[in-house]
>>> print(open('model-v2.cif').read())   # mmCIF, C-alpha atoms
data_target
#
loop_
_atom_site.label_atom_id
_atom_site.label_comp_id
_atom_site.auth_asym_id
_atom_site.auth_seq_id
_atom_site.Cartn_x
_atom_site.Cartn_y
_atom_site.Cartn_z
CA PRO E 1 128.89 175.35 89.74
CA GLY E 2 125.65 173.92 91.10
CA GLN E 3 124.95 170.30 91.86
CA ARG E 4 124.28 168.39 88.64
CA MET E 5 122.77 165.07 87.68
CA VAL E 6 123.15 163.15 84.43
CA VAL E 7 120.33 160.78 83.47
CA HIS E 8 120.08 158.45 80.48
CA SER E 9 116.55 157.59 79.45
CA VAL E 10 114.67 156.23 76.45
CA ALA E 11 112.27 158.81 75.05
CA PHE E 12 110.16 159.66 72.02
CA ASP E 13 110.73 162.96 70.23
CA ARG E 14 106.95 163.11 69.86
CA TYR E 15 104.04 160.74 70.42
CA ARG E 16 100.38 160.74 69.46
CA PHE E 17 98.30 159.09 72.16
CA GLY E 18 95.25 157.01 71.30
CA GLY E 19 95.19 153.66 69.50
CA GLU E 20 98.75 152.99 70.64
CA MET E 21 98.97 149.52 69.16
CA GLY E 22 97.72 150.67 65.79
CA PHE E 23 94.67 148.47 65.44
CA ASP E 24 90.95 148.31 66.08
CA VAL E 25 90.19 144.86 67.49
CA VAL E 26 86.71 144.93 65.92
CA ASP E 27 87.55 146.09 62.42
CA GLN E 28 91.11 145.04 61.59
CA ASP E 29 93.93 142.60 62.26
CA PHE E 30 96.68 143.28 64.76
CA ASP E 31 99.44 145.18 62.94
CA PRO E 32 102.12 146.57 65.27
CA ILE E 33 104.65 146.97 62.47
CA GLY E 34 102.32 149.22 60.50
CA TRP E 35 101.74 151.35 63.59
CA SER E 36 105.47 151.76 64.21
CA ALA E 37 106.21 152.60 60.58
CA SER E 38 103.90 155.65 60.60
CA ASP E 39 105.21 159.21 60.77
CA THR E 40 103.08 159.98 63.84
CA ASN E 41 105.03 157.61 66.10
CA PRO E 42 108.79 157.91 65.51
CA PRO E 43 110.99 155.27 67.15
CA PRO E 44 112.16 155.62 70.76
CA ARG E 45 115.78 156.65 71.19
CA LEU E 46 118.29 156.84 74.02
CA HIS E 47 118.67 160.40 75.34
CA ARG E 48 121.07 162.03 77.79
CA PHE E 49 119.66 164.63 80.18
CA GLU E 50 121.82 166.93 82.30
CA LEU E 51 120.01 168.63 85.19
CA ASP E 52 120.98 171.48 87.52
CA LEU E 53 119.57 170.35 90.87
CA ASN E 54 120.12 173.70 92.58
CA GLU E 55 118.32 175.69 89.90
CA GLY E 56 115.75 173.00 89.20
CA LYS E 57 116.22 173.16 85.43
CA MET E 58 117.43 171.05 82.53
CA LEU E 59 120.76 172.14 81.09
CA GLU E 60 120.89 169.76 78.15
CA ARG E 61 118.94 167.06 76.37
CA ARG E 62 120.52 165.25 73.45
CA GLN E 63 119.98 162.02 71.60
CA VAL E 64 122.68 159.36 72.02
CA PRO E 65 123.21 157.41 68.76
CA LEU E 66 123.37 153.64 69.16
CA LYS E 67 125.02 152.67 65.88
CA ASP E 68 125.27 148.99 64.99
CA GLN E 69 128.49 148.75 62.97
CA GLN E 70 127.69 145.16 61.94
CA ARG E 71 124.70 146.51 59.99
CA GLY E 72 126.32 149.46 58.30
CA GLY E 73 126.12 151.87 61.21
CA VAL E 74 122.32 151.90 61.47
CA ASP E 75 121.08 153.83 64.53
CA VAL E 76 119.08 151.22 66.45
CA PRO E 77 115.85 152.30 68.19
CA VAL E 78 115.62 150.89 71.72
CA ASP E 79 113.32 150.55 74.69
CA MET E 80 113.04 148.77 78.04
CA PRO E 81 116.54 149.67 79.35
CA THR E 82 118.12 147.84 82.25
CA PHE E 83 121.51 147.86 84.00
CA HIS E 84 123.45 146.31 86.87
CA PRO E 85 121.01 146.10 89.83
CA LEU E 86 123.56 147.60 92.25
CA ARG E 87 123.91 150.72 90.07
CA ASP E 88 120.37 151.96 90.75
CA GLY E 89 120.75 155.69 91.41
CA GLN E 90 124.51 155.45 90.79
CA GLU E 91 126.72 156.00 87.76
CA ALA E 92 126.49 153.03 85.39
CA ARG E 93 128.67 152.41 82.35
CA TYR E 94 126.69 149.65 80.64
CA CYS E 95 123.02 149.55 79.70
CA TYR E 96 121.01 146.80 78.01
CA PHE E 97 117.93 147.23 75.83
CA SER E 98 115.39 145.57 73.61
CA GLY E 99 116.53 146.57 70.14
CA ALA E 100 113.99 147.64 67.56
CA TRP E 101 115.95 147.51 64.33
CA ARG E 102 113.91 146.17 61.42
CA PRO E 103 113.68 147.74 57.94
CA GLU E 104 109.87 147.64 57.78
CA GLY E 105 109.24 149.46 61.08
CA TRP E 106 110.80 149.67 64.53
CA PHE E 107 108.23 147.64 66.51
CA PRO E 108 108.08 144.93 67.82
CA PHE E 109 111.54 144.34 69.24
CA ARG E 110 113.73 141.66 67.66
CA SER E 111 117.22 142.14 69.17
CA LEU E 112 119.11 142.57 72.43
CA LEU E 113 121.51 145.48 72.60
CA LYS E 114 124.33 146.49 74.95
CA ALA E 115 125.59 150.08 75.03
CA ASP E 116 128.76 151.41 76.62
CA LEU E 117 127.68 154.86 77.85
CA HIS E 118 131.33 155.95 78.18
CA SER E 119 132.71 154.97 74.77
CA GLY E 120 129.48 154.87 72.77
CA SER E 121 130.18 151.36 71.46
CA VAL E 122 127.20 149.10 70.75
CA THR E 123 126.72 145.33 70.54
CA ASN E 124 123.45 144.19 68.97
CA TRP E 125 122.37 140.53 68.86
CA ASP E 126 119.51 139.90 66.43
CA ALA E 127 117.11 137.05 67.28
CA GLY E 128 116.17 136.66 63.61
CA ASP E 129 113.20 137.02 61.29
CA GLY E 130 109.88 136.01 62.79
CA CYS E 131 111.18 136.53 66.34
CA ILE E 132 110.33 138.99 69.10
CA VAL E 133 112.41 139.45 72.25
CA SER E 134 111.06 140.24 75.69
CA GLU E 135 112.43 142.85 78.07
CA PRO E 136 116.03 141.87 78.96
CA LEU E 137 117.29 141.33 82.48
CA PHE E 138 120.91 141.58 83.59
CA LEU E 139 121.96 138.92 86.10
CA PRO E 140 125.41 139.59 87.66
CA SER E 141 127.77 136.68 88.19
CA SER E 142 128.01 135.65 91.84
CA PRO E 143 128.77 137.42 94.16
CA GLY E 144 128.24 140.50 92.00
CA GLY E 145 124.50 140.52 92.57
CA THR E 146 124.84 141.40 96.24
CA GLU E 147 128.34 142.91 96.42
CA TRP E 148 129.65 145.70 94.17
CA LEU E 149 132.91 144.43 92.68
CA GLY E 150 133.91 147.63 90.87
CA GLN E 151 133.47 149.02 87.37
CA SER E 152 135.80 146.43 85.82
CA SER E 153 133.22 143.77 86.76
CA GLU E 154 130.10 145.80 85.95
CA ASP E 155 129.27 143.72 82.85
CA ASP E 156 130.34 140.38 84.33
CA GLY E 157 127.09 138.48 84.11
CA TRP E 158 124.28 137.33 81.86
CA VAL E 159 121.64 139.03 79.76
CA VAL E 160 118.43 137.00 79.86
CA SER E 161 115.37 137.25 77.62
CA VAL E 162 112.52 135.17 76.25
CA VAL E 163 112.43 134.89 72.47
CA HIS E 164 109.00 134.40 70.91
CA ASP E 165 109.49 132.59 67.58
CA GLY E 166 106.48 133.01 65.31
CA ASP E 167 107.86 130.59 62.69
CA SER E 168 108.45 127.63 65.00
CA LYS E 169 105.48 128.57 67.25
CA ARG E 170 107.75 128.09 70.27
CA CYS E 171 109.32 130.24 72.99
CA ARG E 172 112.87 129.92 74.21
CA LEU E 173 114.79 131.39 77.12
CA VAL E 174 118.19 132.70 76.03
CA LEU E 175 121.21 133.59 78.17
CA LEU E 176 123.96 135.72 76.65
CA ASP E 177 127.37 136.45 78.15
CA ALA E 178 127.13 140.22 78.68
CA GLN E 179 130.82 140.62 77.82
CA LYS E 180 130.47 138.67 74.55
CA MET E 181 126.94 139.40 73.35
CA GLU E 182 128.02 139.39 69.72
CA LYS E 183 128.53 135.60 70.01
CA GLY E 184 124.84 135.02 70.74
CA PRO E 185 123.28 132.81 73.42
CA VAL E 186 125.51 130.51 75.44
CA VAL E 187 122.41 128.70 76.72
CA THR E 188 119.05 128.24 75.00
CA LEU E 189 116.19 126.54 76.83
CA ASP E 190 112.89 125.56 75.27
CA ALA E 191 110.09 127.44 77.08
CA GLY E 192 107.15 125.67 75.49
CA PRO E 193 104.52 126.63 72.93
CA LEU E 194 104.27 130.20 71.68
CA SER E 195 102.81 132.40 74.42
CA PRO E 196 101.64 136.02 74.46
CA TRP E 197 104.46 138.56 74.42
CA GLY E 198 104.82 140.47 77.68
CA VAL E 199 106.94 143.33 79.03
CA HIS E 200 108.12 144.81 82.33
CA SER E 201 108.84 141.72 84.38
CA CYS E 202 111.33 140.81 87.10
CA TRP E 203 112.65 137.87 89.07
CA ALA E 204 110.99 137.23 92.44
CA PRO E 205 112.05 134.96 95.32
CA SER E 206 110.34 131.56 95.32
#
>>> encode(input="model-v2.cif", output="structure tokens")
Amino acid sequence: PGQRMVVHSVAFDRYRFGGEMGFDVVDQDFDPIGWSASDTNPPPRLHRFELDLNEGKMLERRQVPLKDQQRGGVDVPVDMPTFHPLRDGQEARYCYFSGAWRPEGWFPFRSLLKADLHSGSVTNWDAGDGCIVSEPLFLPSSPGGTEWLGQSSEDDGWVVSVVHDGDSKRCRLVLLDAQKMEKGPVVTLDAGPLSPWGVHSCWAPS
């Protein structure tokens, strides 16, 4: 057969553009949960795309369920995926996301989720009520950040995120063992007073 490519990506089934954050700064309070709970903006989900590169066409698109068995098998909406930095453009088994599970609406994100793209298993760490998580980063254990050590070591490292706690009015940096995310943070560092939530960041050399 022709040359094929498999891509995993987070996508909306549909999306209505305009007023994305669900509020008018002049006339109403900021309400992201209300925006995400509406029928016009369904939650983002992980999808698998299979492409025929010779024919230039898509062979298949299907949603990949990310079911959290600790919460009764709920299918967790996700966004802001990341993976091992040395797997860019290569096959990757593990992917990490901001999880959007909350009963009142999928946004903003409150958990960090790890998905095994081979087995379909999911680990979902919930930061708790009143908390929002930032985009996660995966930091491989040394020397895995500069040298590919094989698939058996692909998830040997740390998942890092900033948790914005609206109840305590503080931020904290959390580090989770990527192989034991269900145990929660192994390190928690106070990051100062509550700051604006941000997305799409990266580490840069000093």
>>> residues_near_point(input="model-v2.cif", point="(123.4, 151.8, 68.4)", cutoff="12 Å", atoms="only C-alpha atoms", output="PDB file with C-alpha atoms, in the frame of the given file")
ATOM      1  CA  ARG E  45     115.780 156.650  71.190  1.00  0.00           C
ATOM      2  CA  LEU E  46     118.290 156.840  74.020  1.00  0.00           C
ATOM      3  CA  GLN E  63     119.980 162.020  71.600  1.00  0.00           C
ATOM      4  CA  VAL E  64     122.680 159.360  72.020  1.00  0.00           C
ATOM      5  CA  PRO E  65     123.210 157.410  68.760  1.00  0.00           C
ATOM      6  CA  LEU E  66     123.370 153.640  69.160  1.00  0.00           C
ATOM      7  CA  LYS E  67     125.020 152.670  65.880  1.00  0.00           C
ATOM      8  CA  ASP E  68     125.270 148.990  64.990  1.00  0.00           C
ATOM      9  CA  GLN E  69     128.490 148.750  62.970  1.00  0.00           C
ATOM     10  CA  GLN E  70     127.690 145.160  61.940  1.00  0.00           C
ATOM     11  CA  ARG E  71     124.700 146.510  59.990  1.00  0.00           C
ATOM     12  CA  GLY E  72     126.320 149.460  58.300  1.00  0.00           C
ATOM     13  CA  GLY E  73     126.120 151.870  61.210  1.00  0.00           C
ATOM     14  CA  VAL E  74     122.320 151.900  61.470  1.00  0.00           C
ATOM     15  CA  ASP E  75     121.080 153.830  64.530  1.00  0.00           C
ATOM     16  CA  VAL E  76     119.080 151.220  66.450  1.00  0.00           C
ATOM     17  CA  PRO E  77     115.850 152.300  68.190  1.00  0.00           C
ATOM     18  CA  VAL E  78     115.620 150.890  71.720  1.00  0.00           C
ATOM     19  CA  ASP E  79     113.320 150.550  74.690  1.00  0.00           C
ATOM     20  CA  CYS E  95     123.020 149.550  79.700  1.00  0.00           C
ATOM     21  CA  TYR E  96     121.010 146.800  78.010  1.00  0.00           C
ATOM     22  CA  PHE E  97     117.930 147.230  75.830  1.00  0.00           C
ATOM     23  CA  SER E  98     115.390 145.570  73.610  1.00  0.00           C
ATOM     24  CA  GLY E  99     116.530 146.570  70.140  1.00  0.00           C
ATOM     25  CA  ALA E 100     113.990 147.640  67.560  1.00  0.00           C
ATOM     26  CA  TRP E 101     115.950 147.510  64.330  1.00  0.00           C
ATOM     27  CA  SER E 111     117.220 142.140  69.170  1.00  0.00           C
ATOM     28  CA  LEU E 112     119.110 142.570  72.430  1.00  0.00           C
ATOM     29  CA  LEU E 113     121.510 145.480  72.600  1.00  0.00           C
ATOM     30  CA  LYS E 114     124.330 146.490  74.950  1.00  0.00           C
ATOM     31  CA  ALA E 115     125.590 150.080  75.030  1.00  0.00           C
ATOM     32  CA  ASP E 116     128.760 151.410  76.620  1.00  0.00           C
ATOM     33  CA  LEU E 117     127.680 154.860  77.850  1.00  0.00           C
ATOM     34  CA  SER E 119     132.710 154.970  74.770  1.00  0.00           C
ATOM     35  CA  GLY E 120     129.480 154.870  72.770  1.00  0.00           C
ATOM     36  CA  SER E 121     130.180 151.360  71.460  1.00  0.00           C
ATOM     37  CA  VAL E 122     127.200 149.100  70.750  1.00  0.00           C
ATOM     38  CA  THR E 123     126.720 145.330  70.540  1.00  0.00           C
ATOM     39  CA  ASN E 124     123.450 144.190  68.970  1.00  0.00           C
ATOM     40  CA  TRP E 125     122.370 140.530  68.860  1.00  0.00           C
TER      41      TRP E 125
END
>>> resolve_selection(input="model-v2.cif", expression="the PyMOL selection byres ((chain E and resi 139-148) around 6)", output="ChimeraX atom specification")
/E:138,149-150,156-158
>>> atom_distance(input="model-v2.cif", atom1="atom CA of E:Ser168", atom2="atom CA of E:Pro81")
27.5 Å
>>> residues_near_point(input="model-v2.cif", point="(112.2, 165.1, 69.0)", cutoff="10 Å", atoms="all atoms listed in the file", output="JSON, numbers by chain")
{"E": [11, 12, 13, 14, 15, 42, 44, 45, 62, 63]}
>>> residues_around(input="model-v2.cif", residues="E:Pro185", least_positions_apart="4", cutoff="12 Å", atoms="all atoms listed in the file", output="PDB file with C-alpha atoms, in the frame of the given file")
ATOM      1  CA  SER E 111     117.220 142.140  69.170  1.00  0.00           C
ATOM      2  CA  LEU E 112     119.110 142.570  72.430  1.00  0.00           C
ATOM      3  CA  TRP E 125     122.370 140.530  68.860  1.00  0.00           C
ATOM      4  CA  ASP E 126     119.510 139.900  66.430  1.00  0.00           C
ATOM      5  CA  ALA E 127     117.110 137.050  67.280  1.00  0.00           C
ATOM      6  CA  TRP E 158     124.280 137.330  81.860  1.00  0.00           C
ATOM      7  CA  VAL E 159     121.640 139.030  79.760  1.00  0.00           C
ATOM      8  CA  VAL E 160     118.430 137.000  79.860  1.00  0.00           C
ATOM      9  CA  SER E 161     115.370 137.250  77.620  1.00  0.00           C
ATOM     10  CA  VAL E 162     112.520 135.170  76.250  1.00  0.00           C
ATOM     11  CA  VAL E 163     112.430 134.890  72.470  1.00  0.00           C
ATOM     12  CA  ARG E 172     112.870 129.920  74.210  1.00  0.00           C
ATOM     13  CA  LEU E 173     114.790 131.390  77.120  1.00  0.00           C
ATOM     14  CA  VAL E 174     118.190 132.700  76.030  1.00  0.00           C
ATOM     15  CA  LEU E 175     121.210 133.590  78.170  1.00  0.00           C
ATOM     16  CA  LEU E 176     123.960 135.720  76.650  1.00  0.00           C
ATOM     17  CA  ASP E 177     127.370 136.450  78.150  1.00  0.00           C
ATOM     18  CA  ALA E 178     127.130 140.220  78.680  1.00  0.00           C
ATOM     19  CA  GLN E 179     130.820 140.620  77.820  1.00  0.00           C
ATOM     20  CA  LYS E 180     130.470 138.670  74.550  1.00  0.00           C
ATOM     21  CA  MET E 181     126.940 139.400  73.350  1.00  0.00           C
ATOM     22  CA  LEU E 189     116.190 126.540  76.830  1.00  0.00           C
TER      23      LEU E 189
END
>>> residues_around(input="model-v2.cif", residues="E:Asn54", least_positions_apart="2", cutoff="8 Å", atoms="only C-alpha atoms", output="list in words")
Gly2, Gln3, Arg4, Asp52 and Gly56 of chain E
>>> atom_distance(input="model-v2.cif", atom1="atom CA of E:Glu55", atom2="atom CA of E:His8")
19.7 Å
>>> residues_around(input="model-v2.cif", residues="E:Asp165", least_positions_apart="5", cutoff="12 Å", atoms="all atoms listed in the file", output="JSON, numbers by chain")
{"E": [110, 127, 128, 129, 130, 131, 132, 133, 134, 170, 171, 172, 173, 190, 191, 192, 193, 194, 195, 196, 197]}
>>> atom_distance(input="model-v2.cif", atom1="atom CA of E:Val186", atom2="atom CA of E:Leu137")
15.3 Å
>>> closest_residue(input="model-v2.cif", among="E:Arg61, E:Arg93, E:Pro43, E:Leu51", to="E:Ser153", atoms="only C-alpha atoms")
E:Arg93
